[in-house]
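Enquirer: The file below is data_34.cif, mmCIF, C-alpha atoms:
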```cif
data_run
loop_
_atom_site.label_atom_id
_atom_site.label_comp_id
_atom_site.auth_asym_id
_atom_site.auth_seq_id
_atom_site.Cartn_x
_atom_site.Cartn_y
_atom_site.Cartn_z
CA MET A 1 22.97 33.47 32.68
CA ASN A 2 19.27 32.96 31.98
CA LEU A 3 19.04 31.78 28.37
CA ILE A 4 15.78 30.67 26.76
CA PHE A 5 15.64 28.70 23.51
CA LEU A 6 12.52 29.77 21.59
CA VAL A 7 11.62 27.06 19.08
CA CYS A 8 9.17 27.75 16.26
CA THR A 9 6.83 24.95 15.25
CA CYS A 10 3.51 24.89 13.39
CA LYS A 11 0.61 22.61 12.53
CA VAL A 12 1.02 22.95 8.75
CA PHE A 13 4.22 22.55 6.77
CA ASN A 14 4.08 22.40 2.98
CA HIS A 15 7.14 23.84 1.27
CA ALA A 16 9.86 22.74 -1.20
CA ASN A 17 8.25 19.30 -1.75
CA ILE A 18 8.05 18.77 2.02
CA CYS A 19 4.52 17.99 3.19
CA ILE A 20 4.05 17.25 6.88
CA ASP A 21 0.79 17.22 8.81
CA ARG A 22 1.00 18.26 12.47
CA PRO A 23 4.76 18.95 12.56
CA ASP A 24 4.15 20.49 15.96
CA LEU A 25 3.64 16.90 17.12
CA THR A 26 6.10 15.00 14.91
CA ARG A 27 9.07 17.37 14.59
CA LYS A 28 8.71 18.69 18.13
CA MET A 29 8.66 15.16 19.53
CA SER A 30 12.07 14.31 18.08
CA CYS A 31 13.48 17.48 19.67
CA LEU A 32 12.01 16.59 23.07
CA GLU A 33 13.57 13.14 22.92
CA THR A 34 17.03 14.25 21.78
CA TRP A 35 18.64 17.66 22.41
CA VAL A 36 16.05 19.36 24.65
CA PRO A 37 16.79 17.32 27.84
CA LYS A 38 20.52 18.07 27.41
CA VAL A 39 19.81 21.81 27.19
CA ILE A 40 17.61 21.71 30.30
CA GLU A 41 20.26 19.72 32.16
CA LYS A 42 22.69 22.57 31.43
CA GLY A 43 20.32 24.94 33.22
CA TYR A 44 18.66 26.64 30.24
CA GLU A 45 14.97 26.77 29.31
CA VAL A 46 13.26 25.63 26.09
CA ILE A 47 9.88 26.93 24.89
CA PHE A 48 8.13 25.75 21.71
CA TYR A 49 5.47 28.00 20.20
CA SER A 50 2.74 27.71 17.57
CA GLY A 51 -0.32 29.66 16.39
CA ASP A 52 -3.99 29.18 15.43
CA ASN A 53 -5.23 28.53 18.96
CA GLU A 54 -8.47 29.87 20.48
CA THR A 55 -6.74 31.34 23.53
CA GLU A 56 -3.15 32.20 24.40
CA TYR A 57 -1.68 30.09 27.16
CA TYR A 58 1.51 28.32 28.19
CA ASP A 59 1.65 24.58 28.87
CA GLU A 60 4.55 24.15 31.31
CA GLN A 61 4.50 20.36 31.17
CA HIS A 62 4.89 20.20 27.40
CA LYS A 63 7.01 23.36 27.15
CA HIS A 64 4.62 24.87 24.64
CA LEU A 65 3.28 28.39 24.18
CA TYR A 66 -0.03 28.40 22.33
CA LEU A 67 -0.70 31.64 20.43
CA THR A 68 -3.79 33.03 18.72
CA VAL A 69 -1.87 34.50 15.75
CA GLU A 70 -1.95 32.65 12.41
CA ASP A 71 0.01 29.42 12.16
CA GLU A 72 1.81 28.93 8.88
CA TYR A 73 5.36 28.65 7.59
CA ASP A 74 5.18 31.49 5.06
CA TYR A 75 7.60 32.59 2.37
CA GLY A 76 7.53 36.00 0.73
CA PHE A 77 4.48 37.42 2.50
CA LYS A 78 4.37 40.92 3.93
CA PRO A 79 3.85 41.28 6.80
CA SER A 80 5.29 37.89 7.64
CA LEU A 81 3.07 35.52 9.62
CA GLN A 82 6.16 33.84 11.00
CA HIS A 83 7.47 37.18 12.28
CA GLU A 84 4.08 37.83 13.87
CA ARG A 85 4.36 34.57 15.78
CA LEU A 86 7.92 35.36 16.84
CA LYS A 87 6.91 38.86 17.95
CA ALA A 88 3.99 37.48 19.98
CA THR A 89 6.27 34.87 21.57
CA VAL A 90 8.96 37.40 22.47
CA LYS A 91 6.32 39.72 23.93
CA TRP A 92 4.93 36.91 26.08
CA THR A 93 8.45 35.97 27.18
CA LEU A 94 9.23 39.57 28.17
CA ASN A 95 6.08 39.69 30.29
CA ASN A 96 6.31 36.24 31.88
CA LYS A 97 9.93 35.07 32.09
CA ASN A 98 13.14 36.25 33.70
CA PHE A 99 15.89 36.01 31.11
CA ASP A 100 19.04 37.64 29.76
CA TYR A 101 18.95 36.27 26.20
CA ILE A 102 16.79 34.24 23.88
CA TYR A 103 18.04 32.04 21.06
CA SER A 104 15.47 31.74 18.27
CA ILE A 105 15.49 28.55 16.17
CA THR A 106 13.01 26.11 14.62
CA ASP A 107 12.06 22.52 15.38
CA SER A 108 14.27 21.35 12.51
CA ASP A 109 17.44 22.41 14.35
CA TYR A 110 19.57 20.22 16.61
CA VAL A 111 21.42 22.05 19.40
CA ASN A 112 24.81 20.58 20.33
CA ILE A 113 24.78 22.23 23.76
CA ASN A 114 28.24 20.92 24.73
CA HIS A 115 29.71 23.83 22.79
CA PHE A 116 27.89 26.44 24.89
CA THR A 117 30.40 26.96 27.69
CA LYS A 118 30.96 29.54 30.45
CA ASP A 119 33.41 31.25 28.12
CA THR A 120 30.67 31.43 25.48
CA GLU A 121 28.30 33.00 28.01
CA ASP A 122 30.86 35.66 28.93
CA LYS A 123 31.39 36.57 25.27
CA LEU A 124 27.65 36.67 24.57
CA LEU A 125 27.14 39.31 27.26
CA LYS A 126 28.96 41.84 25.07
CA TYR A 127 26.26 41.77 22.37
CA ASP A 128 22.59 42.58 21.83
CA PHE A 129 22.08 40.72 18.55
CA LEU A 130 24.07 37.85 17.05
CA SER A 131 23.42 35.93 13.84
CA ASN A 132 25.22 34.58 10.81
CA GLY A 133 22.69 36.02 8.38
CA SER A 134 20.52 32.94 7.98
CA GLY A 135 17.32 32.13 9.86
CA GLY A 136 18.12 28.42 9.82
CA GLU A 137 21.18 29.05 11.97
CA GLY A 138 19.18 30.91 14.60
CA PHE A 139 19.97 34.22 16.29
CA PHE A 140 20.59 35.53 19.81
CA LEU A 141 18.60 38.49 21.17
CA SER A 142 19.32 40.39 24.38
CA LYS A 143 16.43 41.71 26.44
CA LYS A 144 16.98 45.14 24.86
CA ALA A 145 16.82 43.64 21.35
CA CYS A 146 13.68 41.70 22.30
CA ASP A 147 11.97 44.92 23.34
CA ILE A 148 12.88 46.50 19.98
CA LEU A 149 11.62 43.45 18.07
CA VAL A 150 8.24 43.74 19.78
CA ASN A 151 7.78 47.51 19.58
CA ASP A 152 9.55 48.84 16.47
CA PRO A 153 6.91 49.12 13.71
CA HIS A 154 9.32 48.20 10.90
CA ILE A 155 9.08 44.50 11.82
CA ASN A 156 5.49 44.64 10.52
CA VAL A 157 6.53 45.38 6.92
CA ILE A 158 9.43 43.00 6.30
CA LYS A 159 8.91 39.82 4.33
CA HIS A 160 9.81 36.47 5.74
CA SER A 161 13.15 35.12 4.57
CA ASP A 162 16.14 33.44 6.16
CA SER A 163 17.92 36.79 6.40
CA ALA A 164 15.02 39.12 7.24
CA ILE A 165 15.64 39.43 10.99
CA ASP A 166 19.37 39.83 10.34
CA THR A 167 18.64 42.70 7.93
CA PHE A 168 16.12 44.19 10.37
CA PHE A 169 18.72 44.60 13.14
CA LYS A 170 21.88 45.20 11.12
CA ILE A 171 20.51 47.59 8.49
CA ASP A 172 16.86 48.63 8.82
CA ILE A 173 16.80 49.92 12.42
CA ASN A 174 20.48 49.97 13.37
CA HIS A 175 20.66 53.77 13.06
CA LYS A 176 17.90 54.22 15.66
CA TYR A 177 19.38 52.25 18.54
CA ASP A 178 22.73 51.84 20.23
CA LEU A 179 22.94 48.07 19.72
CA LYS A 180 26.02 45.90 19.92
CA ILE A 181 25.80 43.58 16.90
CA GLY A 182 28.00 40.69 15.78
CA SER A 183 28.12 37.22 14.28
CA ILE A 184 27.49 34.02 16.21
CA GLY A 185 31.02 32.97 15.33
CA SER A 186 32.36 35.89 17.35
CA ILE A 187 31.40 34.06 20.55
CA GLY A 188 33.08 30.83 19.45
CA LEU A 189 30.08 28.94 18.09
CA ASN A 190 29.93 27.35 14.62
CA THR A 191 26.48 27.43 13.02
CA ILE A 192 27.35 27.45 9.32
CA LYS A 193 24.23 26.69 7.27
CA SER A 194 25.65 23.47 5.86
CA TYR A 195 23.49 20.41 6.48
CA ILE A 196 26.55 18.26 7.15
CA LEU A 197 26.56 16.51 10.50
CA SER A 198 29.81 17.67 12.09
CA GLU A 199 30.78 17.31 15.73
CA ASN A 200 32.16 20.84 15.95
CA TYR A 201 28.89 22.53 14.98
CA PHE A 202 26.77 24.14 17.70
CA LEU A 203 23.72 23.81 15.48
CA ILE A 204 22.86 21.18 12.86
CA HIS A 205 20.21 22.46 10.45
CA TYR A 206 17.39 20.45 8.83
CA CYS A 207 17.11 17.65 11.39
CA THR A 208 13.64 16.17 11.57
CA GLY A 209 12.26 12.72 12.25
CA LYS A 210 14.78 9.91 11.96
CA ARG A 211 17.57 12.32 11.01
CA MET A 212 17.19 14.07 14.39
CA TYR A 213 17.64 10.76 16.19
CA TRP A 214 20.62 9.87 13.99
CA VAL A 215 22.31 13.20 14.73
CA ASP A 216 21.67 12.71 18.44
CA PHE A 217 23.13 9.20 18.34
CA VAL A 218 26.29 10.32 16.52
CA LEU A 219 26.88 13.35 18.74
CA SER A 220 25.99 11.57 21.99
CA GLN A 221 28.45 8.78 21.24
CA TYR A 222 31.11 11.32 20.33
CA ASN A 223 30.56 13.51 23.40
CA ASN A 224 30.78 10.38 25.57
CA LYS A 225 34.20 9.64 24.02
CA ALA A 226 32.92 6.59 22.15
CA PRO A 227 32.70 7.81 18.53
CA ILE A 228 31.10 5.46 16.04
CA LYS A 229 32.83 4.42 12.82
CA ARG A 230 31.35 7.05 10.52
CA LYS A 231 31.56 6.59 6.75
CA ILE A 232 31.11 9.93 5.03
CA ALA A 233 30.79 10.77 1.32
CA ILE A 234 30.86 14.48 0.46
CA ASN A 235 29.96 15.99 -2.92
CA LEU A 236 28.81 12.80 -4.61
CA PRO A 237 26.35 14.42 -7.04
CA ILE A 238 23.01 13.17 -5.77
CA ASP A 239 19.87 15.28 -5.80
CA ALA A 240 18.79 15.69 -2.19
CA THR A 241 15.62 17.54 -3.15
CA VAL A 242 14.02 14.43 -4.69
CA GLY A 243 11.85 12.30 -2.42
CA GLN A 244 13.57 9.05 -1.46
CA LEU A 245 11.27 6.02 -1.26
CA VAL A 246 13.40 4.16 1.27
CA ASN A 247 13.45 7.15 3.62
CA SER A 248 10.13 8.80 2.84
CA TYR A 249 7.47 10.05 5.20
CA SER A 250 4.06 10.09 3.53
CA THR A 251 1.40 12.42 4.87
CA ILE A 252 -2.25 13.09 4.22
CA ASN A 253 -1.05 15.77 1.79
CA GLY A 254 0.97 13.26 -0.22
CA GLY A 255 4.59 13.45 -1.34
CA ASN A 256 7.89 12.15 -0.07
CA THR A 257 10.26 13.91 2.27
CA PRO A 258 13.44 15.08 0.49
CA LEU A 259 16.71 13.40 1.33
CA TYR A 260 18.15 16.23 3.42
CA TYR A 261 15.18 16.04 5.79
CA SER A 262 15.22 12.30 6.41
CA PHE A 263 18.49 10.67 5.43
CA THR A 264 20.69 8.85 7.91
CA THR A 265 22.87 6.29 6.10
CA ASP A 266 22.61 3.99 3.10
CA LYS A 267 22.54 0.21 3.52
CA ASN A 268 26.35 0.10 3.62
CA GLY A 269 26.55 2.69 6.37
CA TRP A 270 27.56 5.72 4.29
CA GLU A 271 26.34 9.22 5.11
CA HIS A 272 25.87 11.11 1.85
CA TYR A 273 26.31 14.86 1.64
CA GLY A 274 25.92 15.83 -1.98
CA GLY A 275 26.39 19.26 -3.49
CA PHE A 276 22.62 19.79 -3.26
CA ILE A 277 22.94 19.65 0.52
CA ARG A 278 25.12 22.75 0.65
CA SER A 279 28.32 20.87 1.36
CA ASP A 280 29.94 23.59 -0.73
CA SER A 281 28.95 26.10 1.95
CA MET A 282 31.37 24.64 4.47
CA SER A 283 33.98 27.26 5.17
CA SER A 284 36.29 25.01 7.14
CA PHE A 285 36.88 21.39 8.14
CA MET A 286 34.48 20.89 11.05
CA PHE A 287 34.69 17.18 11.87
CA GLY A 288 35.82 16.34 15.39
CA GLU A 289 38.83 14.39 16.56
CA ALA A 290 38.65 10.64 15.77
CA SER A 291 35.34 11.21 13.99
CA ILE A 292 35.81 9.64 10.55
CA TYR A 293 36.45 5.95 9.90
CA LYS A 294 36.12 6.20 6.14
CA GLY A 295 35.73 9.38 4.13
CA VAL A 296 35.37 10.13 0.42
CA PHE A 297 35.68 13.87 -0.22
CA ILE A 298 35.06 14.75 -3.87
CA ASP A 299 36.21 18.18 -5.12
CA TYR A 300 36.46 19.30 -1.50
CA HIS A 301 37.52 22.91 -0.90
CA LEU A 302 40.15 22.56 1.80
CA LEU A 303 40.96 26.26 1.86
CA SER A 304 38.51 28.37 3.82
CA VAL A 305 36.91 31.42 2.22
CA TYR A 306 38.34 33.28 5.20
CA GLY A 307 41.92 32.56 4.16
CA SER A 308 42.79 29.74 6.58
CA ASN A 309 46.20 28.16 6.22
CA ILE A 310 45.85 24.85 4.34
CA ASP A 311 48.84 23.33 6.19
CA ASP A 312 47.05 24.00 9.47
CA ILE A 313 43.79 22.48 8.18
CA ILE A 314 45.52 19.27 7.05
CA ILE A 315 47.74 18.81 10.10
CA ASN A 316 45.49 20.04 12.91
CA LYS A 317 42.00 19.20 11.59
CA VAL A 318 41.98 16.57 8.83
CA LEU A 319 44.59 14.19 10.28
CA PRO A 320 43.22 14.20 13.88
CA SER A 321 39.71 13.50 12.52
CA ILE A 322 40.69 10.09 11.08
CA GLN A 323 40.13 7.14 13.40
CA LYS A 324 42.84 4.54 13.92
CA GLY A 325 42.71 2.10 11.00
CA GLY A 326 40.61 4.51 8.95
CA PHE A 327 41.26 6.79 6.00
CA ILE A 328 40.06 9.83 4.07
CA ILE A 329 40.15 9.90 0.28
CA PHE A 330 40.47 13.19 -1.60
CA TYR A 331 39.33 12.89 -5.20
CA TYR A 332 39.24 15.71 -7.73
CA LYS A 333 37.44 15.39 -11.06
CA GLU A 334 39.47 18.40 -12.12
CA ASN A 335 42.46 19.95 -10.41
CA LEU A 336 40.26 22.77 -9.17
CA TYR A 337 42.32 25.66 -7.80
CA GLY A 338 45.31 23.28 -7.82
CA TYR A 339 44.02 21.51 -4.69
CA TYR A 340 45.17 18.06 -5.80
CA GLU A 341 48.79 19.06 -6.39
CA LEU A 342 48.82 21.36 -3.36
CA LEU A 343 47.53 18.57 -1.13
CA LYS A 344 50.27 16.22 -2.37
CA GLU A 345 52.96 18.82 -1.72
CA ILE A 346 51.80 19.40 1.87
CA LEU A 347 51.62 15.67 2.66
CA ILE A 348 55.13 15.12 1.33
CA LYS A 349 56.53 18.20 3.09
CA HIS A 350 55.20 17.03 6.48
CA ASN A 351 55.99 13.31 6.01
CA ILE A 352 52.31 12.36 6.33
CA ASN A 353 51.32 8.78 5.55
CA PHE A 354 49.42 8.68 2.24
CA GLU A 355 49.16 6.79 -1.05
CA ILE A 356 48.12 7.60 -4.60
CA LYS A 357 45.78 5.01 -6.12
CA ASN A 358 43.39 4.52 -9.05
CA ASN A 359 39.81 3.20 -9.27
CA LEU A 360 38.13 4.49 -6.15
CA LEU A 361 35.36 1.88 -6.31
CA GLU A 362 37.86 -0.83 -5.35
CA LYS A 363 38.36 0.92 -2.01
CA VAL A 364 34.83 1.93 -1.02
CA ASP A 365 31.45 0.19 -0.96
CA ILE A 366 29.12 3.05 -1.88
CA GLU A 367 25.85 1.78 -3.35
CA GLN A 368 26.16 1.19 -7.07
CA ASP A 369 22.92 2.97 -8.01
CA LEU A 370 24.36 6.20 -6.65
CA ILE A 371 27.55 5.65 -8.61
CA ILE A 372 25.63 4.98 -11.83
CA LYS A 373 23.75 8.26 -11.41
CA SER A 374 26.99 10.07 -10.80
CA GLU A 375 28.96 11.89 -13.45
CA VAL A 376 32.17 11.24 -11.54
CA ASN A 377 34.83 9.19 -13.33
CA PHE A 378 36.36 7.17 -10.52
CA ASN A 379 39.14 5.73 -12.66
CA LYS A 380 41.41 8.70 -12.11
CA GLU A 381 44.03 8.71 -9.38
CA TYR A 382 43.15 9.84 -5.90
CA ILE A 383 44.95 10.58 -2.63
CA ILE A 384 44.25 8.38 0.37
CA ILE A 385 45.40 9.58 3.82
CA TYR A 386 45.57 6.99 6.58
CA GLY A 387 44.86 7.43 10.28
#
```
Reformat the file's structure so that it appears as structure tokens.

Expert:
Amino acid sequence: MNLIFLVCTCKVFNHANICIDRPDLTRKMSCLETWVPKVIEKGYEVIFYSGDNETEYYDEQHKHLYLTVEDEYDYGFKPSLQHERLKATVKWTLNNKNFDYIYSITDSDYVNINHFTKDTEDKLLKYDFLSNGSGGEGFFLSKKACDILVNDPHINVIKHSDSAIDTFFKIDINHKYDLKIGSIGSIGLNTIKSYILSENYFLIHYCTGKRMYWVDFVLSQYNNKAPIKRKIAINLPIDATVGQLVNSYSTINGGNTPLYYSFTTDKNGWEHYGGFIRSDSMSSFMFGEASIYKGVFIDYHLLSVYGSNIDDIIINKVLPSIQKGGFIIFYYKENLYGYYELLKEILIKHNINFEIKNNLLEKVDIEQDLIIKSEVNFNKEYIIIYG
């Protein structure tokens, strides 16, 4: 299969307190040094594209398509400048490349190409358009869908949003064409829009700068069967939208990069995924086997919104994810949906090794300033499951 990854980048990025000058150089560079070589090694092609250039041309060496259309990451404009760039890129690709599918993403996405197998290719061939409804997760387009994207006039009137292209194909023009449409999950890939770094995701969203390198390090070690000792805290109530001085990237426009764009670990080695980082959007337990050395999961929704069996999640996903000598703590401020009691019942029923303890801070070394900011009362009892 000829698959091309089309990666949007731009020279100006100023949105949601994120100010970056020349992201086409900075964000693109971290992609080129991390996931891009792995994709090319698998036999697929990667093309970055940006606008505001005097002439349209393709730089093969730097894998970059330079367009003359406007270059801006726009929100709420009609017609969307970002869609115009995508349309121009797809048109150029149709005229200059031999391909079966394109996968459209941005330079803030990390592609875990190990999950794209021959079986995935075979399943993809059944569809024309695949997405999960969010632009950050990317979408697959067949050659037929690419032709529609370029030539159907309705693309010129939709506003830019994460779900605009999804709506375009699934609702706006679906009645006009005989397209086979599905979700990315239907071909066995997980691209949920959570920002959590999980080994079983095909795509990790919001990875730029040092976070891109951190994701690559974690996943490369894991895929080479040498997982690091990850320490993960989920749902500790920290505000990831506030610029963090210790992990900031100052630009000529001023401002600090928010936590979800830059964070790797704190000084004690903990990865923090607070509620502001969409940890609540996880629909399943996506950490890989022998992934977690220490975990603190606060108010974690073990049951999937899709009705997964909680026994199966605990036995076949949570337990295998704990490294030898490690543990995962489940702590509930309130017995939300009865998870705390239900978790205890399942552990007892299956003779799983666990303890009930009090004062979580005696067991973990999360930085005190984060604890002080937290509303969590860690003096209640919690469940600790050992690997």

Enquirer: Smallest atom-to-atom distance to Thr93 of chain A: which of A:Ile171, A:Leu197, A:Leu360, A:Val46, using all atoms listed in the file?

Expert: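 Closest residue, counting all atoms listed in the file: A:Val46.
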
Enquirer: Would you work out the distance separating atom CA of Asn98 of chain A from atom CA of Asp147 of chain A, expressed in Å to one decimal?

Expert: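 These two atoms are separated by 13.6 Å.
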
Enquirer: Quick one: which residues end up in the PyMOL selection byres ((chain A and resi 170) around 12) for this structure, as a compact mmCIF listing (two decimals) with C-alpha atoms, in the frame of the given file?

Expert:
```
# COMPACT_ATOMS: atom_id res chain seq x y z
CA ASP A 128 22.59 42.58 21.83
CA PHE A 129 22.08 40.72 18.55
CA LEU A 130 24.07 37.85 17.05
CA SER A 131 23.42 35.93 13.84
CA ASN A 132 25.22 34.58 10.81
CA GLY A 133 22.69 36.02 8.38
CA ALA A 145 16.82 43.64 21.35
CA SER A 163 17.92 36.79 6.40
CA ALA A 164 15.02 39.12 7.24
CA ILE A 165 15.64 39.43 10.99
CA ASP A 166 19.37 39.83 10.34
CA THR A 167 18.64 42.70 7.93
CA PHE A 168 16.12 44.19 10.37
CA PHE A 169 18.72 44.60 13.14
CA ILE A 171 20.51 47.59 8.49
CA ASP A 172 16.86 48.63 8.82
CA ILE A 173 16.80 49.92 12.42
CA ASN A 174 20.48 49.97 13.37
CA HIS A 175 20.66 53.77 13.06
CA LYS A 176 17.90 54.22 15.66
CA TYR A 177 19.38 52.25 18.54
CA ASP A 178 22.73 51.84 20.23
CA LEU A 179 22.94 48.07 19.72
CA LYS A 180 26.02 45.90 19.92
CA ILE A 181 25.80 43.58 16.90
CA GLY A 182 28.00 40.69 15.78
CA SER A 183 28.12 37.22 14.28
```

Enquirer: List, as a ChimeraX atom specification, every residue that the PyMOL selection byres ((chain A and resi 36) around 12) selects in the file provided.

Expert: /A:4-7,28-35,37-48,62-63,107,109-113,212,216

Enquirer: Point out the residue among A:Glu341, A:Glu289, A:Asp52, A:Glu121 with the least atom-to-atom distance to Leu81 of chain A, counting all atoms listed in the file.

Expert: A:Asp52

Enquirer: Report as a PyMOL selection string all protein, DNA and RNA residues lying within 6 Å of Ile322 of chain A, evaluated on all atoms listed in the file, omitting residues in the same chain fewer than 6 positions from it.

Expert: chain A and resi 290+292+387

Enquirer: For each of A:Leu25, A:Ile366, A:Ile346, A:Ala226, take the minimum atom-to-atom distance to Glu271 of chain A, counting only C-alpha atoms, then give the residue where this is smallest.

Expert: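 Smallest distance to Glu271 of chain A is found for A:Ile366.
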
Enquirer: For a test of reading the model, state the distance in Å between atom CA of Leu302 of chain A and atom CA of Met286 of chain A, rounded to one decimal.

Expert: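 Calculated distance between atom CA of Leu302 of chain A and atom CA of Met286 of chain A is 11.0 Å.
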
Enquirer: Which residues are close to Asn96 of chain A, i.e. within 10 Å by only C-alpha atoms, leaving aside same-chain residues fewer than 5 positions away? Reply as a PyMOL selection string.

Expert: chain A and resi 58+90-91

Enquirer: Might you spell out which residues the PyMOL selection byres ((chain A and resi 50) around 10) would select in the displayed file, as a list in words?

Expert: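 Matching residues under the PyMOL selection byres ((chain A and resi 50) around 10) are Val7, Cys8, Thr9, Cys10, Lys11, Asp24, Phe48, Tyr49, Gly51, Asp52, Asn53, His64, Leu65, Tyr66, Leu67, Thr68, Val69, Glu70, Asp71, Glu72, Gln82, Arg85, Leu86 and Thr89 of chain A.
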
Enquirer: Kindly give the distance, in Å, that separates atom CA of Tyr300 of chain A and atom CA of Phe327 of chain A, rounded to a single decimal.

Expert: 15.4 Å

Enquirer: Quick one: residues within 10 Å of Ile328 of chain A, all atoms listed in the file counted, chain neighbours fewer than 4 positions away excluded, as a list in words?

Expert: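 What passes the distance filter is Lys231, Ile232, Ala233, Ile292, Tyr293, Lys294, Gly295, Val296, Phe297, Val318, Leu319, Ser321, Ile322, Gln323, Phe354, Ile383, Ile384, Ile385, Tyr386 and Gly387 of chain A.
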
Enquirer: Write the residues of the preceding selection, restricted to C-alpha atoms, as a short mmCIF file (atom, residue, chain, number, x, y, z; two decimals), in the frame of the given file.

Expert:
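Just written: part-v2.cif:
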```
data_model
loop_
_atom_site.label_atom_id
_atom_site.label_comp_id
_atom_site.auth_asym_id
_atom_site.auth_seq_id
_atom_site.Cartn_x
_atom_site.Cartn_y
_atom_site.Cartn_z
CA LYS A 231 31.56 6.59 6.75
CA ILE A 232 31.11 9.93 5.03
CA ALA A 233 30.79 10.77 1.32
CA ILE A 292 35.81 9.64 10.55
CA TYR A 293 36.45 5.95 9.90
CA LYS A 294 36.12 6.20 6.14
CA GLY A 295 35.73 9.38 4.13
CA VAL A 296 35.37 10.13 0.42
CA PHE A 297 35.68 13.87 -0.22
CA VAL A 318 41.98 16.57 8.83
CA LEU A 319 44.59 14.19 10.28
CA SER A 321 39.71 13.50 12.52
CA ILE A 322 40.69 10.09 11.08
CA GLN A 323 40.13 7.14 13.40
CA PHE A 354 49.42 8.68 2.24
CA ILE A 383 44.95 10.58 -2.63
CA ILE A 384 44.25 8.38 0.37
CA ILE A 385 45.40 9.58 3.82
CA TYR A 386 45.57 6.99 6.58
CA GLY A 387 44.86 7.43 10.28
#
```

Enquirer: Rank A:Ser198, A:Phe99, A:Ile329, A:Val12 by their smallest atom-to-atom distance to Tyr273 of chain A, using all atoms listed in the file, and report the top residue only.

Expert: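 Looking only at the distances to Tyr273 of chain A, the closest residue turns out to be A:Ser198.
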
Enquirer: Could you check the closest approach to His350 of chain A for each of A:Ile310, A:Ile315, A:Ile234, A:Val364 and tell me which residue wins, using all atoms listed in the file?

Expert: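 Among the listed residues, the smallest separation from His350 of chain A belongs to A:Ile315.
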